[in-house]
Amino acid sequence: MYPLGKQFEIDYSKAKSDHKAIVEGSNYRITIISERIVRLEFSPSGNFLDKPTQLIKKRNIGLPDYSVRQDKHVVEISTKYFVLTYLKGKPFLGTTVDPMKYLKITLASKERDRRKDWYVGHPEAKNLMGNMVGVDVSLPANLQKGLYSLDGFASIDDSFSKIIAEDGTLENPLPHHFDMYVFMYDKDFRLALYDYFKMTGAPALIPRYALGNWWSRNTIYTDETLHNLLLKFEKEDIPFSVLLLDHDWHLRNVGEFKKLKAGYTFNNELIRDPVNMINEFHSKGVKVGLIINPTEGFYPHEQYYPQAAQYLGVNNGSVIPFDPLNPRHIDVMFKMFLHPLEALGVDFFWNDSTGNMDITNLWSLNHYLYLDASREGEERALILGRGSVTAPHRYPVLYGGSSEISWKKLQEIPFMYLNAANIGVSWWSHDVGGNHGGMEDSELFIRYVQLSTFSPILRFHGARGRYYKKEPWVWDAKTLKIVGDYLRLRHRLIPYLYTEAYNYTKSGTPLIQPFYYNYMWVYDDPLFKNQYYFGSQLLVCPILEKKDNIMNRTIHRFFVPEGVWYDLFTGKKFPGNKKYISFFKEDDYPVFAHEGSIVPFSNKSDVNNIGLPTDIEIHFFPGASNTYTLYEDDGITTKYREGYFLKTNIDYNYITDNYTIMIRSVDGKTGIAPDRRNYKLVLRNSKMPTVISVFFNNNAIKYEQYVDGNDFIIELKDIPTIGQLTVNCQGQDLEIDSIRLINDELDSILMDLQIETYTKEEIAKILFSNDPIDKKRIAIRKLNKNGLSKEHIDLFLKLFDYIGEV
């Protein structure tokens, strides 16, 4: 036993299964964890495990409904989801000729063609894989099997996981002990994932500030340049909530030691007063994180090296190697190197230990760093680190690795999001704009920022070099405007993002859910496989291809699910269960809200504020009734576990030409949110009603009303957050039928082309006529006599092909 600290201790009582859910013999034990999960243990010595492992914290998650039939030779276990048949006492693994000779588990699907058998050694070829260590890592274990499979089953082998001792130290696994968890869920993957979280631990609720914009550059910052960076973000009105300092914050070149990645002592030639620097960023609402790399060990020039050397018995002044499995080394790292940095005001650490290290060592570092960050019991923990494969959802945020600046790498990012979701991970992050190499390109940078706006974590990071263009203000005015708008939008989305983060922690619903969970066929369709749900209200169809330079638009195909969906930005209406092709300018991005969607935004003016807004803007999309429960707490402590939060129901009762909105606090405590708020209620695609009534509790209150484009808006000032606000709007033909029309897009393209105006009018007559497409093609070709260039003729011929797809 080693007294690492109470923050590392683990509750052993939760790791033991209910004996009523166990079927066992002298060398086997089968535990029915839930209706969807069965645990298989085989041990020649009859030695089974009831302790927590790196993966499993809890095995008694409720007594499942199951039945057992058995005799002296065979046992059959049945639940709603599977039927397990086992020849008692035999090894689980069958023979080469008959792998199911001794044990098989049959999926009890309602669909006959899905009633497949799982067995030990099953290839699980239709598993869609899970999380990875990082894009720049070549470990054999990098891309891991996930829980989601098109077959409806998956297995996780826990035989080789370390055992966690009660004091938090790690022990070797039991020898010759086979320990496997088999998930048989058919199409109910979300329930299986919920069970998985019960066993492995709920996803962490990240601090609210982590949902804002993160800034980092691998460059040499000084007090002055950091101060100027803060001023520049303010001048450009671009919010950010996290400053992440790369390696040059600490001493790197001392005597014989050059270009060190490890370090725990500020380089006072660059940052003379770390406390003052950190306080300045804190005063502007920005948290400060530092990169560390413990794997290089502890060096003699570190401030607290003498104390560490004395404690560890190093007498020759040499570098002290670091072993992340050695509790004494872990203890020294925290108490003599990291805690003093936290005392200066540092908020969290980036564990940049190489992804090529042993997976168990990487897991150990992430595990201990994360638990230590919450040692006081009040502050919510956060680290940034590579995915360590085993239960990575417990240790947010995951660092995706260093990637090249290229369209190819942009195209790979949604794949990472979706794979992460397959193992229950939401808080995956990538380097916005790419990290190194390649060629900087305005369009690529814009598309990176747009995708990142609708991603779990928005984190800038770039390699060292004068010509890497990460700062938005080093681009041209158009790029700065578009990028700035999306970065401001990201911060305005925090009320929505934080609510969805809470839902992820509470109910196990990932922030990002692959589109193929609902439409399995899209997995094999490159046009639609990268689409994903972003929280409960939005759908993202990422743009990953370059634009057509002549058209100055990206030609983009997407599929809209069943129901009616609306473009988040324009309000255009898209009837569902249909494929579309559209043409997007660089400032456009395909994000959709379903009918009845309710999306809350912050409307605050103080740029870096990520706290609970006093000004809140809520968008209501027509077509269906809905309720959205806005979740709020202090965003940084663990007091929410004691009831210090506020839940506010936003009810939207939609009847044609008669809309009612009710905003009412329903759970939690007073004093969490601001006492009073200003509301901006945006009824999308709605005309001015003829009858409006606004009440708080039973009292009529004043309001301001106006129309902005296709939206009707009501603004209310100084409304209490505890109580009920009710708004009713009535009128005739209130909803604006803003259905998306292909002709509108074609007209917009024609408007922007560099073609003589008279010729444009001739083109319009052809484009918008009722003639067959073949006749239109002939007519367009004839315009070469009017001076229409070949490139423009080819463009319109291509457009006719697209029209044919609509």
# chains A, B, ... in the order shown; residues from 1 in each chain; ligands from 1

$ select_by_dssp --residues "region 431-664 of chain A" --states "strand (DSSP E)" --output "number ranges by chain"
A: 431-432, 458-460, 512-514, 532-534, 538-540, 554-560, 564-567, 573-575, 578-584, 591-594, 598-602, 615-620, 626-632, 646-655, 658-664

$ closest_atom_pairs --of "region 149-215 of chain A" --to "region 497-518 of chain A" --cutoff "7 Å" --atoms "only C-alpha atoms" --output "Markdown table"
| residue | atom | partner | partner_atom | distance |
| --- | --- | --- | --- | --- |
| A:Leu193 | CA | A:Gly508 | CA | 7.0 |
| A:Tyr194 | CA | A:Gly508 | CA | 5.3 |
| A:Phe197 | CA | A:Gly508 | CA | 6.8 |
| A:Ala202 | CA | A:Thr505 | CA | 5.9 |
| A:Pro203 | CA | A:Thr505 | CA | 5.0 |
| A:Ala204 | CA | A:Thr505 | CA | 6.0 |
| A:Leu205 | CA | A:Thr505 | CA | 5.8 |
| A:Arg208 | CA | A:Tyr498 | CA | 6.5 |

$ write_last_selection --atoms "N, CA, C and O atoms" --output "mmCIF file, in the first residue's frame"
data_model
loop_
_atom_site.group_PDB
_atom_site.id
_atom_site.type_symbol
_atom_site.label_atom_id
_atom_site.label_comp_id
_atom_site.auth_asym_id
_atom_site.auth_seq_id
_atom_site.Cartn_x
_atom_site.Cartn_y
_atom_site.Cartn_z
ATOM 1 N N LEU A 193 -24.596 1.392 -24.702
ATOM 2 C CA LEU A 193 -23.627 2.417 -24.315
ATOM 3 C C LEU A 193 -23.922 2.929 -22.910
ATOM 4 O O LEU A 193 -23.010 3.178 -22.108
ATOM 5 N N TYR A 194 -25.215 3.064 -22.596
ATOM 6 C CA TYR A 194 -25.614 3.499 -21.256
ATOM 7 C C TYR A 194 -25.157 2.476 -20.214
ATOM 8 O O TYR A 194 -24.632 2.838 -19.152
ATOM 9 N N PHE A 197 -21.397 2.781 -19.697
ATOM 10 C CA PHE A 197 -21.035 3.902 -18.825
ATOM 11 C C PHE A 197 -21.297 3.561 -17.355
ATOM 12 O O PHE A 197 -20.556 3.991 -16.472
ATOM 13 N N ALA A 202 -19.380 7.147 -15.516
ATOM 14 C CA ALA A 202 -20.067 8.112 -16.374
ATOM 15 C C ALA A 202 -19.063 9.060 -17.019
ATOM 16 O O ALA A 202 -18.006 9.351 -16.442
ATOM 17 N N PRO A 203 -19.365 9.544 -18.223
ATOM 18 C CA PRO A 203 -18.501 10.567 -18.823
ATOM 19 C C PRO A 203 -18.414 11.788 -17.912
ATOM 20 O O PRO A 203 -19.397 12.173 -17.281
ATOM 21 N N ALA A 204 -17.244 12.354 -17.852
ATOM 22 C CA ALA A 204 -17.034 13.510 -16.987
ATOM 23 C C ALA A 204 -17.770 14.733 -17.530
ATOM 24 O O ALA A 204 -17.858 14.932 -18.735
ATOM 25 N N LEU A 205 -18.313 15.542 -16.632
ATOM 26 C CA LEU A 205 -18.881 16.836 -17.011
ATOM 27 C C LEU A 205 -17.738 17.846 -17.035
ATOM 28 O O LEU A 205 -17.186 18.203 -15.996
ATOM 29 N N ARG A 208 -17.187 24.468 -17.976
ATOM 30 C CA ARG A 208 -17.879 25.234 -19.016
ATOM 31 C C ARG A 208 -16.887 25.940 -19.948
ATOM 32 O O ARG A 208 -17.117 26.053 -21.150
#

$ select_by_dssp --residues "region 63-224 of chain A" --states "helix (DSSP H, G or I)" --output "list in words"
Arg112, Asp113, Arg114, Phe189, Arg190, Leu191, Ala192, Leu193, Tyr194, Asp195, Tyr196, Phe197, Lys198, Met199, Thr200, Arg208, Tyr209, Ala210, Leu211, Asp223 and Glu224 of chain A

$ residues_around --residues "region 682-692 of chain A" --least-positions-apart "2" --cutoff "7 Å" --atoms "only C-alpha atoms" --output "mmCIF file with N, CA, C and O atoms, in the first residue's frame"
data_model
loop_
_atom_site.group_PDB
_atom_site.id
_atom_site.type_symbol
_atom_site.label_atom_id
_atom_site.label_comp_id
_atom_site.auth_asym_id
_atom_site.auth_seq_id
_atom_site.Cartn_x
_atom_site.Cartn_y
_atom_site.Cartn_z
ATOM 1 N N GLY A 571 -32.839 29.510 -42.560
ATOM 2 C CA GLY A 571 -34.219 29.115 -42.304
ATOM 3 C C GLY A 571 -34.863 28.355 -43.450
ATOM 4 O O GLY A 571 -36.038 27.989 -43.365
ATOM 5 N N ILE A 618 -33.092 32.719 -27.867
ATOM 6 C CA ILE A 618 -33.601 31.373 -28.096
ATOM 7 C C ILE A 618 -34.303 31.331 -29.443
ATOM 8 O O ILE A 618 -35.197 32.137 -29.710
ATOM 9 N N HIS A 619 -33.885 30.388 -30.291
ATOM 10 C CA HIS A 619 -34.490 30.226 -31.609
ATOM 11 C C HIS A 619 -35.496 29.079 -31.570
ATOM 12 O O HIS A 619 -35.198 27.994 -31.041
ATOM 13 N N PHE A 620 -36.671 29.332 -32.153
ATOM 14 C CA PHE A 620 -37.743 28.342 -32.226
ATOM 15 C C PHE A 620 -38.050 28.079 -33.700
ATOM 16 O O PHE A 620 -38.390 29.007 -34.439
ATOM 17 N N PHE A 621 -37.923 26.818 -34.108
ATOM 18 C CA PHE A 621 -38.199 26.463 -35.498
ATOM 19 C C PHE A 621 -39.614 25.900 -35.606
ATOM 20 O O PHE A 621 -40.050 25.134 -34.735
ATOM 21 N N PRO A 622 -40.347 26.252 -36.658
ATOM 22 C CA PRO A 622 -41.764 25.891 -36.746
ATOM 23 C C PRO A 622 -41.979 24.416 -37.053
ATOM 24 O O PRO A 622 -41.043 23.673 -37.333
ATOM 25 N N LYS A 680 -34.303 37.312 -25.862
ATOM 26 C CA LYS A 680 -34.593 37.577 -27.265
ATOM 27 C C LYS A 680 -35.139 36.276 -27.848
ATOM 28 O O LYS A 680 -34.397 35.301 -28.026
ATOM 29 N N VAL A 694 -48.027 38.579 -23.432
ATOM 30 C CA VAL A 694 -46.816 38.203 -22.701
ATOM 31 C C VAL A 694 -47.078 38.370 -21.208
ATOM 32 O O VAL A 694 -47.475 39.459 -20.760
ATOM 33 N N VAL A 707 -39.794 42.498 -36.907
ATOM 34 C CA VAL A 707 -39.486 41.468 -37.890
ATOM 35 C C VAL A 707 -38.078 41.711 -38.413
ATOM 36 O O VAL A 707 -37.707 42.844 -38.717
ATOM 37 N N ASN A 710 -36.936 36.949 -42.355
ATOM 38 C CA ASN A 710 -38.050 35.997 -42.273
ATOM 39 C C ASN A 710 -38.383 35.589 -40.851
ATOM 40 O O ASN A 710 -39.143 34.641 -40.645
ATOM 41 N N ASP A 711 -37.841 36.288 -39.861
ATOM 42 C CA ASP A 711 -38.036 35.898 -38.462
ATOM 43 C C ASP A 711 -38.796 36.972 -37.697
ATOM 44 O O ASP A 711 -38.559 38.178 -37.882
ATOM 45 N N PHE A 712 -39.674 36.523 -36.824
ATOM 46 C CA PHE A 712 -40.368 37.430 -35.915
ATOM 47 C C PHE A 712 -39.684 37.349 -34.555
ATOM 48 O O PHE A 712 -39.400 36.262 -34.049
ATOM 49 N N ILE A 713 -39.428 38.528 -33.963
ATOM 50 C CA ILE A 713 -38.617 38.587 -32.741
ATOM 51 C C ILE A 713 -39.356 39.357 -31.652
ATOM 52 O O ILE A 713 -39.955 40.414 -31.907
ATOM 53 N N ILE A 714 -39.303 38.799 -30.447
ATOM 54 C CA ILE A 714 -39.801 39.475 -29.254
ATOM 55 C C ILE A 714 -38.644 39.633 -28.279
ATOM 56 O O ILE A 714 -37.944 38.663 -27.984
ATOM 57 N N ASN A 728 -47.687 34.170 -26.053
ATOM 58 C CA ASN A 728 -48.593 33.577 -27.036
ATOM 59 C C ASN A 728 -48.691 34.494 -28.255
ATOM 60 O O ASN A 728 -48.835 35.707 -28.121
ATOM 61 N N CYS A 729 -48.571 33.881 -29.450
ATOM 62 C CA CYS A 729 -48.649 34.621 -30.707
ATOM 63 C C CYS A 729 -49.707 33.976 -31.592
ATOM 64 O O CYS A 729 -49.680 32.763 -31.810
ATOM 65 N N GLN A 730 -50.621 34.809 -32.113
ATOM 66 C CA GLN A 730 -51.677 34.310 -32.985
ATOM 67 C C GLN A 730 -51.804 35.202 -34.205
ATOM 68 O O GLN A 730 -51.476 36.394 -34.178
ATOM 69 N N GLY A 731 -52.275 34.611 -35.288
ATOM 70 C CA GLY A 731 -52.478 35.370 -36.522
ATOM 71 C C GLY A 731 -52.836 34.435 -37.656
ATOM 72 O O GLY A 731 -52.993 33.215 -37.460
ATOM 73 N N LEU A 734 -49.145 32.625 -40.377
ATOM 74 C CA LEU A 734 -47.940 33.126 -39.709
ATOM 75 C C LEU A 734 -46.657 32.531 -40.285
ATOM 76 O O LEU A 734 -45.653 33.230 -40.429
ATOM 77 N N GLU A 735 -46.694 31.256 -40.599
ATOM 78 C CA GLU A 735 -45.464 30.610 -41.041
ATOM 79 C C GLU A 735 -45.129 30.968 -42.477
ATOM 80 O O GLU A 735 -45.974 30.866 -43.372
ATOM 81 N N ILE A 736 -43.905 31.411 -42.677
ATOM 82 C CA ILE A 736 -43.414 31.714 -44.021
ATOM 83 C C ILE A 736 -42.922 30.417 -44.656
ATOM 84 O O ILE A 736 -42.063 29.733 -44.100
ATOM 85 N N SER A 738 -40.719 28.852 -46.458
ATOM 86 C CA SER A 738 -39.385 29.168 -46.988
ATOM 87 C C SER A 738 -38.728 27.931 -47.575
ATOM 88 O O SER A 738 -37.555 27.685 -47.347
#

$ atom_distance --atom1 "CA of Ile650 (chain A)" --atom2 "CA of Thr629 (chain A)"
6.0 Å

$ residues_around --residues "Lys775 (chain A)" --least-positions-apart "5" --cutoff "10 Å" --atoms "only C-alpha atoms" --output "ChimeraX atom specification"
/A:766,770,780

$ residues_around --residues "Tyr28 (chain A)" --least-positions-apart "2" --cutoff "9 Å" --atoms "only C-alpha atoms" --output "mmCIF file with N, CA and C atoms, in the first residue's frame"
data_model
loop_
_atom_site.group_PDB
_atom_site.id
_atom_site.type_symbol
_atom_site.label_atom_id
_atom_site.label_comp_id
_atom_site.auth_asym_id
_atom_site.auth_seq_id
_atom_site.Cartn_x
_atom_site.Cartn_y
_atom_site.Cartn_z
ATOM 1 N N VAL A 23 -23.814 -17.491 -12.851
ATOM 2 C CA VAL A 23 -23.891 -18.936 -13.064
ATOM 3 C C VAL A 23 -22.445 -19.420 -13.134
ATOM 4 N N GLU A 24 -22.048 -20.375 -12.272
ATOM 5 C CA GLU A 24 -20.635 -20.715 -12.210
ATOM 6 C C GLU A 24 -20.399 -22.194 -11.937
ATOM 7 N N GLY A 25 -19.172 -22.607 -12.268
ATOM 8 C CA GLY A 25 -18.682 -23.944 -11.963
ATOM 9 C C GLY A 25 -17.281 -23.824 -11.430
ATOM 10 N N SER A 26 -16.571 -24.913 -11.383
ATOM 11 C CA SER A 26 -15.250 -24.912 -10.757
ATOM 12 C C SER A 26 -14.233 -24.088 -11.537
ATOM 13 N N ILE A 30 -20.065 -17.208 -15.347
ATOM 14 C CA ILE A 30 -20.809 -16.400 -16.312
ATOM 15 C C ILE A 30 -21.694 -15.441 -15.526
ATOM 16 N N LEU A 40 -17.869 -13.233 -19.328
ATOM 17 C CA LEU A 40 -17.373 -14.609 -19.408
ATOM 18 C C LEU A 40 -16.020 -14.689 -18.726
ATOM 19 N N GLU A 41 -15.908 -15.529 -17.691
ATOM 20 C CA GLU A 41 -14.631 -15.757 -17.020
ATOM 21 C C GLU A 41 -14.300 -17.247 -17.066
ATOM 22 N N PHE A 42 -13.039 -17.525 -17.375
ATOM 23 C CA PHE A 42 -12.553 -18.912 -17.336
ATOM 24 C C PHE A 42 -11.187 -18.927 -16.663
ATOM 25 N N SER A 43 -11.047 -19.803 -15.672
ATOM 26 C CA SER A 43 -9.786 -19.893 -14.935
ATOM 27 C C SER A 43 -9.550 -21.342 -14.544
ATOM 28 N N PRO A 44 -8.484 -21.970 -15.035
ATOM 29 C CA PRO A 44 -8.198 -23.363 -14.652
ATOM 30 C C PRO A 44 -8.084 -23.549 -13.141
ATOM 31 N N GLY A 46 -9.767 -21.735 -10.968
ATOM 32 C CA GLY A 46 -10.996 -21.300 -10.315
ATOM 33 C C GLY A 46 -10.855 -19.978 -9.594
ATOM 34 N N PHE A 48 -11.328 -16.212 -9.712
ATOM 35 C CA PHE A 48 -12.057 -15.188 -10.460
ATOM 36 C C PHE A 48 -11.848 -13.811 -9.832
ATOM 37 N N LYS A 88 -20.640 -27.050 -20.084
ATOM 38 C CA LYS A 88 -20.017 -26.744 -18.797
ATOM 39 C C LYS A 88 -18.594 -27.300 -18.677
ATOM 40 N N GLY A 89 -17.721 -26.461 -18.129
ATOM 41 C CA GLY A 89 -16.359 -26.869 -17.826
ATOM 42 C C GLY A 89 -15.398 -26.828 -18.986
ATOM 43 N N LYS A 90 -15.930 -26.689 -20.194
ATOM 44 C CA LYS A 90 -15.082 -26.658 -21.373
ATOM 45 C C LYS A 90 -14.516 -25.255 -21.574
ATOM 46 N N PRO A 91 -13.353 -25.151 -22.234
ATOM 47 C CA PRO A 91 -12.827 -23.811 -22.539
ATOM 48 C C PRO A 91 -13.811 -23.084 -23.453
ATOM 49 N N PHE A 92 -13.888 -21.778 -23.297
ATOM 50 C CA PHE A 92 -14.842 -21.005 -24.102
ATOM 51 C C PHE A 92 -14.481 -21.056 -25.579
#

$ residues_around --residues "Trp475 (chain A)" --least-positions-apart "2" --cutoff "12 Å" --atoms "only C-alpha atoms" --output "PyMOL selection string"
chain A and resi 440-443+445-446+467-473+477-484

$ atom_distance --atom1 "CA of Trp428 (chain A)" --atom2 "CA of Asn530 (chain A)"
15.7 Å

$ residues_around --residues "Tyr221 (chain A)" --least-positions-apart "2" --cutoff "8 Å" --atoms "only C-alpha atoms" --output "PyMOL selection string"
chain A and resi 219+223-226+248-249+270-271

$ atom_distance --atom1 "CA of Asn609 (chain A)" --atom2 "CA of Leu410 (chain A)"
29.2 Å

$ closest_residue --among "A:Val75, A:Ile56, A:Ser67, A:Asp372" --to "Arg29 (chain A)" --atoms "only C-alpha atoms"
A:Val75

$ closest_residue --among "A:Val449, A:Ala673, A:Ile550, A:Ile719" --to "Lys790 (chain A)" --atoms "only C-alpha atoms"
A:Ile550

$ closest_residue --among "A:Val242, A:Ile278, A:Ala210, A:Val432" --to "Pro396 (chain A)" --atoms "only C-alpha atoms"
A:Ala210
